[in-house]
>>> print(open('run02.pdb').read())   # PDB, C-alpha atoms
ATOM      1  CA  MET D   1       0.000   0.000   0.000
ATOM      2  CA  THR D   2       1.287   3.474  -0.887
ATOM      3  CA  LYS D   3       2.254   5.406   2.238
ATOM      4  CA  VAL D   4       1.775   9.178   2.387
ATOM      5  CA  LEU D   5       3.575  11.455   4.838
ATOM      6  CA  LEU D   6       1.839  14.739   5.654
ATOM      7  CA  ILE D   7       4.330  17.175   7.165
ATOM      8  CA  GLY D   8       2.183  19.618   9.101
ATOM      9  CA  GLY D   9      -0.721  17.224   8.838
ATOM     10  CA  ARG D  10      -2.439  18.377  12.037
ATOM     11  CA  GLY D  11      -3.230  21.786  10.553
ATOM     12  CA  PHE D  12      -6.455  22.979   8.982
ATOM     13  CA  ILE D  13      -5.822  21.602   5.490
ATOM     14  CA  GLY D  14      -3.675  18.694   6.646
ATOM     15  CA  SER D  15      -6.371  17.284   8.933
ATOM     16  CA  ARG D  16      -8.848  17.071   6.054
ATOM     17  CA  LEU D  17      -6.183  15.787   3.690
ATOM     18  CA  ALA D  18      -5.310  12.941   6.051
ATOM     19  CA  LEU D  19      -8.906  11.707   5.999
ATOM     20  CA  ARG D  20      -9.168  12.149   2.248
ATOM     21  CA  CYS D  21      -5.949  10.143   1.701
ATOM     22  CA  LEU D  22      -7.336   7.327   3.840
ATOM     23  CA  ALA D  23     -10.526   7.349   1.798
ATOM     24  CA  ALA D  24      -8.442   7.139  -1.391
ATOM     25  CA  GLY D  25      -6.740   3.972  -0.155
ATOM     26  CA  PHE D  26      -3.417   5.365   1.056
ATOM     27  CA  SER D  27      -1.658   4.548   4.305
ATOM     28  CA  VAL D  28      -1.197   7.852   6.175
ATOM     29  CA  ARG D  29       1.475   9.161   8.524
ATOM     30  CA  VAL D  30       0.960  12.612  10.023
ATOM     31  CA  ALA D  31       4.026  14.476  11.268
ATOM     32  CA  ASP D  32       3.785  17.621  13.357
ATOM     33  CA  VAL D  33       5.535  19.321  16.254
ATOM     34  CA  GLU D  34       3.251  17.653  18.787
ATOM     35  CA  LEU D  35       1.203  14.496  18.983
ATOM     36  CA  PRO D  36      -2.563  15.078  19.069
ATOM     37  CA  ALA D  37      -4.586  14.686  22.228
ATOM     38  CA  VAL D  38      -6.847  11.647  22.316
ATOM     39  CA  ASP D  39      -9.948  13.692  21.435
ATOM     40  CA  GLN D  40      -8.135  15.240  18.445
ATOM     41  CA  ILE D  41      -7.367  11.966  16.682
ATOM     42  CA  THR D  42      -9.662  11.898  13.675
ATOM     43  CA  SER D  43      -9.040   8.251  12.750
ATOM     44  CA  PRO D  44      -7.368   5.282  14.462
ATOM     45  CA  ASP D  45      -5.909   4.347  11.065
ATOM     46  CA  ILE D  46      -3.640   7.431  10.971
ATOM     47  CA  GLU D  47      -0.095   7.071  12.280
ATOM     48  CA  TYR D  48       1.140  10.145  14.178
ATOM     49  CA  VAL D  49       4.770  11.122  14.788
ATOM     50  CA  ALA D  50       6.065  14.215  16.578
ATOM     51  CA  GLY D  51       9.114  16.197  15.581
ATOM     52  CA  ASP D  52      10.605  19.168  13.754
ATOM     53  CA  PHE D  53      11.094  18.523  10.046
ATOM     54  CA  GLY D  54      14.004  21.000  10.140
ATOM     55  CA  GLU D  55      15.949  18.626  12.404
ATOM     56  CA  THR D  56      17.625  15.777  10.503
ATOM     57  CA  PRO D  57      16.956  12.958  13.019
ATOM     58  CA  ASP D  58      13.269  13.907  13.234
ATOM     59  CA  LEU D  59      13.002  14.197   9.467
ATOM     60  CA  ASP D  60      14.606  10.803   8.928
ATOM     61  CA  GLN D  61      12.020   9.260  11.248
ATOM     62  CA  MET D  62       9.249  10.967   9.312
ATOM     63  CA  LEU D  63      10.531   9.809   5.915
ATOM     64  CA  ASP D  64      11.186   6.194   6.866
ATOM     65  CA  GLY D  65       9.151   3.884   4.652
ATOM     66  CA  VAL D  66       7.003   6.501   2.900
ATOM     67  CA  ASP D  67       6.330   6.824  -0.828
ATOM     68  CA  ILE D  68       4.822  10.322  -1.072
ATOM     69  CA  VAL D  69       5.552  13.427   0.993
ATOM     70  CA  VAL D  70       3.104  16.331   1.173
ATOM     71  CA  HIS D  71       4.733  19.436   2.635
ATOM     72  CA  LEU D  72       2.095  21.657   4.291
ATOM     73  CA  VAL D  73       4.123  23.471   6.957
ATOM     74  CA  HIS D  74       4.582  27.214   7.013
ATOM     75  CA  ARG D  75       5.863  28.720  10.233
ATOM     76  CA  ALA D  76       4.604  32.166  11.239
ATOM     77  CA  MET D  77       2.754  33.376   8.142
ATOM     78  CA  LEU D  78       3.830  37.009   7.720
ATOM     79  CA  LEU D  79       1.878  39.579   5.720
ATOM     80  CA  GLY D  80       2.840  42.941   7.252
ATOM     81  CA  LEU D  81       4.938  45.545   5.477
ATOM     82  CA  ASP D  82       7.460  45.483   8.327
ATOM     83  CA  SER D  83       8.093  41.745   7.974
ATOM     84  CA  SER D  84      11.682  40.760   7.170
ATOM     85  CA  MET D  85      12.714  38.184   4.580
ATOM     86  CA  LEU D  86      15.809  37.004   6.469
ATOM     87  CA  PRO D  87      14.012  35.274   9.358
ATOM     88  CA  GLU D  88      11.372  34.071   6.880
ATOM     89  CA  ILE D  89      14.090  32.355   4.835
ATOM     90  CA  GLU D  90      15.564  30.804   7.962
ATOM     91  CA  ARG D  91      12.171  29.610   9.242
ATOM     92  CA  ASN D  92      10.661  28.265   6.044
ATOM     93  CA  VAL D  93      12.839  28.315   2.930
ATOM     94  CA  MET D  94      16.027  26.746   4.278
ATOM     95  CA  PRO D  95      14.368  23.835   6.150
ATOM     96  CA  THR D  96      12.279  23.042   3.068
ATOM     97  CA  ILE D  97      15.338  22.927   0.823
ATOM     98  CA  LYS D  98      16.962  20.576   3.351
ATOM     99  CA  LEU D  99      13.830  18.446   2.993
ATOM    100  CA  PHE D 100      14.406  18.333  -0.778
ATOM    101  CA  ASP D 101      17.965  17.109  -0.205
ATOM    102  CA  ARG D 102      16.794  14.383   2.172
ATOM    103  CA  CYS D 103      14.090  13.250  -0.240
ATOM    104  CA  LEU D 104      16.768  12.641  -2.882
ATOM    105  CA  GLU D 105      18.224   9.973  -0.617
ATOM    106  CA  HIS D 106      14.987   7.969  -0.962
ATOM    107  CA  PRO D 107      14.810   6.736  -4.580
ATOM    108  CA  GLY D 108      11.304   6.771  -5.992
ATOM    109  CA  LEU D 109       9.966   9.170  -3.373
ATOM    110  CA  ARG D 110       7.535  11.811  -4.681
ATOM    111  CA  LEU D 111       6.982  15.217  -3.081
ATOM    112  CA  VAL D 112       3.994  17.552  -3.221
ATOM    113  CA  PHE D 113       4.632  21.133  -2.134
ATOM    114  CA  VAL D 114       1.550  23.042  -0.999
ATOM    115  CA  SER D 115       2.106  26.615  -2.143
ATOM    116  CA  SER D 116      -0.362  29.540  -2.142
ATOM    117  CA  GLY D 117      -2.472  30.359  -5.176
ATOM    118  CA  GLY D 118      -3.838  33.366  -3.323
ATOM    119  CA  THR D 119      -0.454  35.096  -2.913
ATOM    120  CA  VAL D 120       2.272  33.858  -5.292
ATOM    121  CA  TYR D 121       0.814  35.529  -8.395
ATOM    122  CA  GLY D 122       0.562  39.000  -6.851
ATOM    123  CA  ASN D 123      -1.604  41.510  -8.694
ATOM    124  CA  PRO D 124      -2.395  40.156 -12.175
ATOM    125  CA  ASP D 125      -2.211  42.224 -15.351
ATOM    126  CA  GLY D 126      -5.927  41.853 -16.016
ATOM    127  CA  ARG D 127      -9.075  40.898 -14.162
ATOM    128  CA  ARG D 128      -9.431  37.340 -15.406
ATOM    129  CA  PRO D 129      -8.730  33.925 -13.863
ATOM    130  CA  ILE D 130      -5.016  33.329 -13.361
ATOM    131  CA  ALA D 131      -3.484  30.244 -14.984
ATOM    132  CA  GLU D 132      -0.417  28.377 -13.752
ATOM    133  CA  HIS D 133       1.841  29.803 -16.466
ATOM    134  CA  ALA D 134       1.356  33.364 -15.167
ATOM    135  CA  ALA D 135       4.402  35.080 -13.684
ATOM    136  CA  LEU D 136       4.936  34.763  -9.938
ATOM    137  CA  ARG D 137       5.053  38.325  -8.598
ATOM    138  CA  PRO D 138       4.123  38.138  -4.904
ATOM    139  CA  ILE D 139       3.765  41.333  -2.864
ATOM    140  CA  SER D 140       3.984  39.823   0.639
ATOM    141  CA  VAL D 141       6.725  38.068   2.584
ATOM    142  CA  TYR D 142       4.550  34.961   2.796
ATOM    143  CA  GLY D 143       3.931  34.821  -0.944
ATOM    144  CA  THR D 144       7.590  35.553  -1.689
ATOM    145  CA  SER D 145       8.693  32.716   0.564
ATOM    146  CA  LYS D 146       6.297  30.310  -1.169
ATOM    147  CA  SER D 147       7.487  31.387  -4.618
ATOM    148  CA  MET D 148      11.149  31.024  -3.591
ATOM    149  CA  ILE D 149      10.490  27.465  -2.501
ATOM    150  CA  GLU D 150       8.690  26.782  -5.780
ATOM    151  CA  LYS D 151      11.679  28.070  -7.761
ATOM    152  CA  ALA D 152      14.103  25.970  -5.719
ATOM    153  CA  LEU D 153      11.911  22.922  -6.192
ATOM    154  CA  GLY D 154      11.913  23.473  -9.941
ATOM    155  CA  LEU D 155      15.707  23.423  -9.868
ATOM    156  CA  TYR D 156      15.742  20.147  -7.931
ATOM    157  CA  VAL D 157      13.356  18.584 -10.426
ATOM    158  CA  ALA D 158      15.302  19.779 -13.480
ATOM    159  CA  GLN D 159      18.860  19.185 -12.295
ATOM    160  CA  ARG D 160      18.752  16.589  -9.539
ATOM    161  CA  GLY D 161      15.923  14.329 -10.561
ATOM    162  CA  LEU D 162      13.602  14.957  -7.638
ATOM    163  CA  ARG D 163      10.079  13.761  -8.412
ATOM    164  CA  ALA D 164       7.799  16.551  -7.292
ATOM    165  CA  LEU D 165       4.912  18.832  -8.119
ATOM    166  CA  VAL D 166       3.297  21.983  -6.719
ATOM    167  CA  VAL D 167      -0.300  22.680  -5.766
ATOM    168  CA  ARG D 168      -1.545  26.253  -5.338
ATOM    169  CA  PRO D 169      -4.776  26.417  -3.322
ATOM    170  CA  ALA D 170      -6.963  29.517  -3.386
ATOM    171  CA  ASN D 171      -8.361  31.053  -0.174
ATOM    172  CA  ALA D 172      -9.256  28.143   2.071
ATOM    173  CA  TYR D 173     -12.232  28.129   4.435
ATOM    174  CA  GLY D 174     -14.480  25.659   6.188
ATOM    175  CA  PRO D 175     -15.115  23.913   9.510
ATOM    176  CA  GLY D 176     -11.917  23.514  11.493
ATOM    177  CA  GLN D 177     -10.385  26.859  10.488
ATOM    178  CA  LEU D 178      -9.674  28.802  13.659
ATOM    179  CA  PRO D 179     -10.526  32.521  13.831
ATOM    180  CA  PHE D 180      -8.266  35.343  15.003
ATOM    181  CA  LYS D 181      -5.116  33.751  13.544
ATOM    182  CA  GLY D 182      -4.297  36.426  10.950
ATOM    183  CA  GLN D 183      -5.604  34.200   8.169
ATOM    184  CA  GLY D 184      -9.165  33.067   7.582
ATOM    185  CA  LEU D 185     -11.509  36.006   7.165
ATOM    186  CA  ILE D 186     -14.658  33.877   7.195
ATOM    187  CA  PRO D 187     -14.291  32.277  10.655
ATOM    188  CA  THR D 188     -12.947  35.525  12.094
ATOM    189  CA  VAL D 189     -16.015  37.475  10.954
ATOM    190  CA  MET D 190     -18.307  34.796  12.348
ATOM    191  CA  ALA D 191     -16.583  34.455  15.723
ATOM    192  CA  SER D 192     -16.361  38.242  16.030
ATOM    193  CA  ALA D 193     -20.117  38.514  15.567
ATOM    194  CA  LEU D 194     -20.699  35.896  18.260
ATOM    195  CA  GLN D 195     -18.346  37.637  20.681
ATOM    196  CA  GLY D 196     -19.321  41.236  19.880
ATOM    197  CA  LYS D 197     -15.919  42.147  18.501
ATOM    198  CA  PRO D 198     -15.317  44.565  15.595
ATOM    199  CA  VAL D 199     -13.932  43.231  12.317
ATOM    200  CA  THR D 200     -11.099  45.130  10.652
ATOM    201  CA  ILE D 201     -11.253  45.294   6.862
ATOM    202  CA  TYR D 202      -8.108  46.559   5.132
ATOM    203  CA  GLY D 203      -9.081  48.746   2.186
ATOM    204  CA  ASP D 204     -12.598  49.347   0.912
ATOM    205  CA  GLY D 205     -13.717  45.718   0.754
ATOM    206  CA  THR D 206     -13.819  45.524  -3.044
ATOM    207  CA  ALA D 207     -10.902  43.085  -3.319
ATOM    208  CA  ILE D 208     -11.927  39.900  -5.146
ATOM    209  CA  ARG D 209     -11.017  36.472  -3.795
ATOM    210  CA  ASP D 210     -11.524  32.850  -4.825
ATOM    211  CA  TYR D 211     -12.810  31.051  -1.710
ATOM    212  CA  ILE D 212     -12.605  27.252  -1.752
ATOM    213  CA  HIS D 213     -13.880  24.781   0.829
ATOM    214  CA  VAL D 214     -11.177  22.798   2.644
ATOM    215  CA  GLU D 215     -12.719  19.497   1.564
ATOM    216  CA  ASP D 216     -12.333  20.527  -2.071
ATOM    217  CA  ILE D 217      -8.708  21.475  -1.420
ATOM    218  CA  ALA D 218      -8.046  18.073   0.127
ATOM    219  CA  GLN D 219      -9.643  16.279  -2.812
ATOM    220  CA  GLY D 220      -7.763  18.491  -5.259
ATOM    221  CA  ILE D 221      -4.432  17.654  -3.633
ATOM    222  CA  VAL D 222      -5.184  13.930  -3.817
ATOM    223  CA  ALA D 223      -6.130  14.304  -7.496
ATOM    224  CA  ALA D 224      -2.871  16.121  -8.285
ATOM    225  CA  MET D 225      -0.860  13.670  -6.195
ATOM    226  CA  THR D 226      -2.420  10.746  -8.066
ATOM    227  CA  ALA D 227      -2.482  11.992 -11.651
ATOM    228  CA  GLY D 228      -0.320  15.125 -11.784
ATOM    229  CA  GLY D 229       2.792  15.401 -13.932
ATOM    230  CA  ASN D 230       6.329  15.650 -12.601
ATOM    231  CA  GLY D 231       7.533  19.219 -12.204
ATOM    232  CA  GLU D 232       4.076  20.668 -12.833
ATOM    233  CA  ALA D 233       2.039  23.180 -10.824
ATOM    234  CA  TYR D 234      -1.735  22.972 -10.334
ATOM    235  CA  ASN D 235      -4.163  25.620  -9.128
ATOM    236  CA  ILE D 236      -6.845  24.400  -6.733
ATOM    237  CA  GLY D 237      -9.725  26.864  -6.727
ATOM    238  CA  THR D 238     -13.265  27.387  -7.889
ATOM    239  CA  GLY D 239     -12.645  29.744 -10.802
ATOM    240  CA  ARG D 240     -15.210  32.095  -9.275
ATOM    241  CA  GLY D 241     -14.634  35.207  -7.219
ATOM    242  CA  VAL D 242     -16.485  37.273  -4.651
ATOM    243  CA  SER D 243     -15.602  40.623  -3.130
ATOM    244  CA  ILE D 244     -14.947  40.879   0.591
ATOM    245  CA  ASN D 245     -17.978  43.150   0.939
ATOM    246  CA  SER D 246     -20.230  40.668  -0.833
ATOM    247  CA  LEU D 247     -18.807  37.753   1.125
ATOM    248  CA  ILE D 248     -19.682  39.423   4.412
ATOM    249  CA  ASN D 249     -22.912  41.230   3.533
ATOM    250  CA  ASP D 250     -24.519  38.726   1.182
ATOM    251  CA  HIS D 251     -23.289  35.401   2.570
ATOM    252  CA  ILE D 252     -22.322  35.744   6.240
ATOM    253  CA  ARG D 253     -24.476  38.580   7.578
ATOM    254  CA  PRO D 254     -27.865  36.880   6.919
ATOM    255  CA  LEU D 255     -26.784  33.905   9.051
ATOM    256  CA  VAL D 256     -25.605  36.210  11.823
ATOM    257  CA  VAL D 257     -28.719  38.421  11.760
ATOM    258  CA  ALA D 258     -30.938  35.315  11.936
ATOM    259  CA  GLN D 259     -29.431  34.713  15.386
ATOM    260  CA  GLY D 260     -30.150  38.263  16.557
ATOM    261  CA  LEU D 261     -26.531  39.387  16.074
ATOM    262  CA  ASP D 262     -24.744  41.733  13.712
ATOM    263  CA  ILE D 263     -21.295  42.384  12.263
ATOM    264  CA  ASP D 264     -19.377  45.532  13.223
ATOM    265  CA  LEU D 265     -17.118  46.343  10.268
ATOM    266  CA  ARG D 266     -14.236  48.788  10.656
ATOM    267  CA  TYR D 267     -12.604  49.854   7.397
ATOM    268  CA  VAL D 268      -8.974  50.986   7.621
ATOM    269  CA  GLU D 269      -6.266  51.861   5.128
ATOM    270  CA  SER D 270      -5.037  49.057   2.917
ATOM    271  CA  ARG D 271      -1.930  47.244   4.141
ATOM    272  CA  GLY D 272      -0.331  47.252   0.715
ATOM    273  CA  VAL D 273       0.346  43.513   0.907
ATOM    274  CA  ASP D 274      -3.098  42.290  -0.147
ATOM    275  CA  VAL D 275      -3.790  41.700  -3.827
ATOM    276  CA  SER D 276      -6.825  43.421  -5.297
ATOM    277  CA  TYR D 277      -7.903  40.509  -7.493
ATOM    278  CA  ASN D 278      -7.321  36.772  -7.285
ATOM    279  CA  ILE D 279      -9.393  34.152  -9.069
ATOM    280  CA  LEU D 280      -7.642  30.962 -10.127
ATOM    281  CA  ASP D 281      -7.992  29.297 -13.508
ATOM    282  CA  THR D 282      -8.715  25.655 -12.648
ATOM    283  CA  ALA D 283      -8.787  24.152 -16.151
ATOM    284  CA  LYS D 284      -5.423  22.390 -15.830
ATOM    285  CA  LEU D 285      -6.378  20.424 -12.732
ATOM    286  CA  ALA D 286      -9.715  19.526 -14.319
ATOM    287  CA  ASN D 287      -8.240  18.456 -17.665
ATOM    288  CA  VAL D 288      -5.185  16.588 -16.372
ATOM    289  CA  CYS D 289      -6.395  15.218 -13.043
ATOM    290  CA  GLY D 290     -10.161  15.178 -13.487
ATOM    291  CA  PHE D 291     -10.934  17.332 -10.475
ATOM    292  CA  ILE D 292     -13.449  20.182 -10.181
ATOM    293  CA  ALA D 293     -14.406  21.816  -6.866
ATOM    294  CA  LYS D 294     -17.974  20.919  -5.916
ATOM    295  CA  THR D 295     -18.938  22.839  -2.757
ATOM    296  CA  PRO D 296     -21.092  25.938  -3.462
ATOM    297  CA  LEU D 297     -19.993  28.947  -1.431
ATOM    298  CA  GLU D 298     -23.378  29.337   0.249
ATOM    299  CA  ASN D 299     -23.301  25.708   1.441
ATOM    300  CA  GLY D 300     -19.769  25.979   2.723
ATOM    301  CA  ILE D 301     -20.501  29.243   4.531
ATOM    302  CA  ALA D 302     -23.522  27.704   6.260
ATOM    303  CA  GLU D 303     -21.493  24.666   7.315
ATOM    304  CA  THR D 304     -18.720  26.892   8.661
ATOM    305  CA  TRP D 305     -21.208  29.048  10.597
ATOM    306  CA  ASP D 306     -22.670  25.950  12.244
ATOM    307  CA  TRP D 307     -19.191  24.855  13.340
ATOM    308  CA  ILE D 308     -18.190  28.293  14.645
ATOM    309  CA  ALA D 309     -21.537  28.750  16.441
ATOM    310  CA  ARG D 310     -21.076  25.413  18.214
ATOM    311  CA  GLY D 311     -17.479  26.006  19.162
ATOM    312  CA  TYR D 312     -17.121  29.678  20.081
ATOM    313  CA  SER D 313     -18.803  31.196  23.096
ATOM    314  CA  ARG D 314     -20.039  34.750  23.392
ATOM    315  CA  ALA D 315     -17.729  35.107  26.391
ATOM    316  CA  GLY D 316     -14.798  35.520  24.037
ATOM    317  CA  ARG D 317     -13.019  32.152  24.166
ATOM    318  CA  PRO D 318     -13.327  28.876  22.318
ATOM    319  CA  MET D 319     -15.364  26.174  23.972
ATOM    320  CA  ALA D 320     -13.964  22.743  24.695
ATOM    321  CA  GLY D 321     -13.442  20.639  21.605
ATOM    322  CA  SER D 322     -13.877  23.585  19.237
ATOM    323  CA  SER D 323     -10.910  22.667  17.062
ATOM    324  CA  ARG D 324     -12.277  19.277  16.074
ATOM    325  CA  LEU D 325     -13.593  18.560  12.626
ATOM    326  CA  PRO D 326     -17.327  17.958  12.258
TER     327      PRO D 326
END
>>> encode(input="run02.pdb", output="structure tokens")
Amino acid sequence: MTKVLLIGGRGFIGSRLALRCLAAGFSVRVADVELPAVDQITSPDIEYVAGDFGETPDLDQMLDGVDIVVHLVHRAMLLGLDSSMLPEIERNVMPTIKLFDRCLEHPGLRLVFVSSGGTVYGNPDGRRPIAEHAALRPISVYGTSKSMIEKALGLYVAQRGLRALVVRPANAYGPGQLPFKGQGLIPTVMASALQGKPVTIYGDGTAIRDYIHVEDIAQGIVAAMTAGGNGEAYNIGTGRGVSINSLINDHIRPLVVAQGLDIDLRYVESRGVDVSYNILDTAKLANVCGFIAKTPLENGIAETWDWIARGYSRAGRPMAGSSRLP
């Protein structure tokens, strides 16, 4: 049986991906900095190991006996203008390149790098879906770090024979995504409404995003992992966009108002690190790997609201068990 290693597999996307890999018939090992608590184990069929993939002994334990590696880790996602590239390179780029080197010592091993379709392209030349061949012109430290790793991976594929591919998910959302973490507008808006907190919107709210349910991302990664070509990159999105204002006012607010609550929006000056338009062209993943995202935004928003409403109290703190998947 093919064994898949998910580095960072206890995170939001990784947790769903682990279950999806099991469903696809893979044996699954999840590696993260800590072992899960008993009530956080989503399946008894998943093997868990603890360690730091940047440390060689830990990494060797993670890689032992696996056939496919999915790299999901990104330490301290930085978006601010005052963020420095030097610590970002030390935290994320250098350990990942060391991972590439170690993978070369395992003949036949395949690697999937989970990049960021929402940030690596930067601001596109036109307002149309962005295909994989578009230039990578990120405007944030996070996006720059992801694109640097992509470029390094391309070198390893071309010159050193590493078998690998890249997936670029759009803006992820869904049950299990924690609010107030600097990423994940949808759960943050919902939890803020429950707890009576204001929501800060950078800019005027007209920025367009491609929001994709985490289950679709997990299925898209499995599709690329199974049928994707060596050295290729694949967008994982919906091909449809919605403005931040529409997302909040048309999709989230009606659910909040139905519970006798409201959303307090506070608009502030743009940070200068957020792209104004990002919709991913998904034709390549559909044509090559046979995958198309299926979850309508309204369904996914409702599912996420149910999860947030169950897990987050109005007292301002998460309730017990709130991080578990539905």
>>> closest_residue(input="run02.pdb", among="D:Ala164, D:Met62, D:Val69, D:Phe26", to="Asp45 (chain D)", atoms="only C-alpha atoms")
D:Phe26
>>> resolve_selection(input="run02.pdb", expression="the PyMOL selection byres ((chain D and resi 163) around 8)", output="PyMOL selection string")
chain D and resi 108-111+157+161-162+164-165+230-231
>>> closest_atom_pairs(input="run02.pdb", of="region 8-77 of chain D", to="region 201-216 of chain D", cutoff="9 Å", atoms="only C-alpha atoms", output="CSV")
residue,atom,partner,partner_atom,distance
D:Phe12,CA,D:Val214,CA,7.9
D:Ile13,CA,D:Val214,CA,6.2
D:Arg16,CA,D:Glu215,CA,6.4
D:Leu17,CA,D:Glu215,CA,7.8
D:Arg20,CA,D:Glu215,CA,8.2
>>> atom_distance(input="run02.pdb", atom1="CA of Arg128 (chain D)", atom2="CA of Lys284 (chain D)")
15.5 Å
>>> atom_distance(input="run02.pdb", atom1="CA of Arg160 (chain D)", atom2="CA of Ala233 (chain D)")
18.0 Å
>>> resolve_selection(input="run02.pdb", expression="the PyMOL selection byres ((chain D and resi 43) around 12)", output="list in words")
Ser15, Arg16, Ala18, Leu19, Arg20, Cys21, Leu22, Ala23, Ser27, Val28, Arg29, Val30, Pro36, Val38, Asp39, Gln40, Ile41, Thr42, Pro44, Asp45, Ile46, Glu47, Tyr48, Arg324 and Leu325 of chain D
>>> residues_around(input="run02.pdb", residues="Ala224 (chain D)", least_positions_apart="3", cutoff="10 Å", atoms="all atoms listed in the file", output="ChimeraX atom specification")
/D:112,165-167,219-221,227-229,232-236,285-286,288-291
>>> write_last_selection(input="run02.pdb", atoms="C-alpha atoms", output="CSV table (one decimal), in the frame of the given file")
chain,number,residue,atom,x,y,z
D,112,VAL,CA,4.0,17.6,-3.2
D,165,LEU,CA,4.9,18.8,-8.1
D,166,VAL,CA,3.3,22.0,-6.7
D,167,VAL,CA,-0.3,22.7,-5.8
D,219,GLN,CA,-9.6,16.3,-2.8
D,220,GLY,CA,-7.8,18.5,-5.3
D,221,ILE,CA,-4.4,17.7,-3.6
D,227,ALA,CA,-2.5,12.0,-11.7
D,228,GLY,CA,-0.3,15.1,-11.8
D,229,GLY,CA,2.8,15.4,-13.9
D,232,GLU,CA,4.1,20.7,-12.8
D,233,ALA,CA,2.0,23.2,-10.8
D,234,TYR,CA,-1.7,23.0,-10.3
D,235,ASN,CA,-4.2,25.6,-9.1
D,236,ILE,CA,-6.8,24.4,-6.7
D,285,LEU,CA,-6.4,20.4,-12.7
D,286,ALA,CA,-9.7,19.5,-14.3
D,288,VAL,CA,-5.2,16.6,-16.4
D,289,CYS,CA,-6.4,15.2,-13.0
D,290,GLY,CA,-10.2,15.2,-13.5
D,291,PHE,CA,-10.9,17.3,-10.5
>>> closest_residue(input="run02.pdb", among="D:His74, D:His251, D:Arg91, D:Arg266", to="Ile301 (chain D)", atoms="only C-alpha atoms")
D:His251
>>> atom_distance(input="run02.pdb", atom1="CA of Leu59 (chain D)", atom2="CA of Gly176 (chain D)")
26.7 Å
>>> closest_residue(input="run02.pdb", among="D:Ser115, D:Ser145, D:Ser192, D:Thr282", to="Arg253 (chain D)", atoms="only C-alpha atoms")
D:Ser192
>>> residues_around(input="run02.pdb", residues="region 275-278 of chain D", least_positions_apart="2", cutoff="9 Å", atoms="all atoms listed in the file", output="number ranges by chain")
D: 117-119, 121-124, 126-130, 138-139, 170, 206-210, 241, 243, 272-273, 280
>>> write_last_selection(input="run02.pdb", atoms="C-alpha atoms", output="short mmCIF file (atom, residue, chain, number, x, y, z; two decimals), in the coordinates of the input")
data_model
loop_
_atom_site.label_atom_id
_atom_site.label_comp_id
_atom_site.auth_asym_id
_atom_site.auth_seq_id
_atom_site.Cartn_x
_atom_site.Cartn_y
_atom_site.Cartn_z
CA GLY D 117 -2.47 30.36 -5.18
CA GLY D 118 -3.84 33.37 -3.32
CA THR D 119 -0.45 35.10 -2.91
CA TYR D 121 0.81 35.53 -8.40
CA GLY D 122 0.56 39.00 -6.85
CA ASN D 123 -1.60 41.51 -8.69
CA PRO D 124 -2.40 40.16 -12.18
CA GLY D 126 -5.93 41.85 -16.02
CA ARG D 127 -9.07 40.90 -14.16
CA ARG D 128 -9.43 37.34 -15.41
CA PRO D 129 -8.73 33.92 -13.86
CA ILE D 130 -5.02 33.33 -13.36
CA PRO D 138 4.12 38.14 -4.90
CA ILE D 139 3.76 41.33 -2.86
CA ALA D 170 -6.96 29.52 -3.39
CA THR D 206 -13.82 45.52 -3.04
CA ALA D 207 -10.90 43.08 -3.32
CA ILE D 208 -11.93 39.90 -5.15
CA ARG D 209 -11.02 36.47 -3.80
CA ASP D 210 -11.52 32.85 -4.82
CA GLY D 241 -14.63 35.21 -7.22
CA SER D 243 -15.60 40.62 -3.13
CA GLY D 272 -0.33 47.25 0.72
CA VAL D 273 0.35 43.51 0.91
CA LEU D 280 -7.64 30.96 -10.13
#
>>> resolve_selection(input="run02.pdb", expression="the PyMOL selection byres ((chain D and resi 97) around 12)", output="number ranges by chain")
D: 53-54, 71, 89-96, 98-104, 113, 145-146, 148-156, 162
>>> closest_residue(input="run02.pdb", among="D:Tyr267, D:Tyr312, D:Trp307, D:Phe180", to="Asn245 (chain D)", atoms="all atoms listed in the file")
D:Tyr267
>>> axis_aligned_box(input="run02.pdb", around="region 93-112 of chain D", padding_each_side="4 Å", output="JSON")
{"center_x": 11.1, "center_y": 17.5, "center_z": 0.1, "size_x": 22.2, "size_y": 29.6, "size_z": 20.1}
>>> closest_residue(input="run02.pdb", among="D:Ala24, D:Leu72, D:Met85, D:Val199", to="Gly143 (chain D)", atoms="all atoms listed in the file")
D:Met85
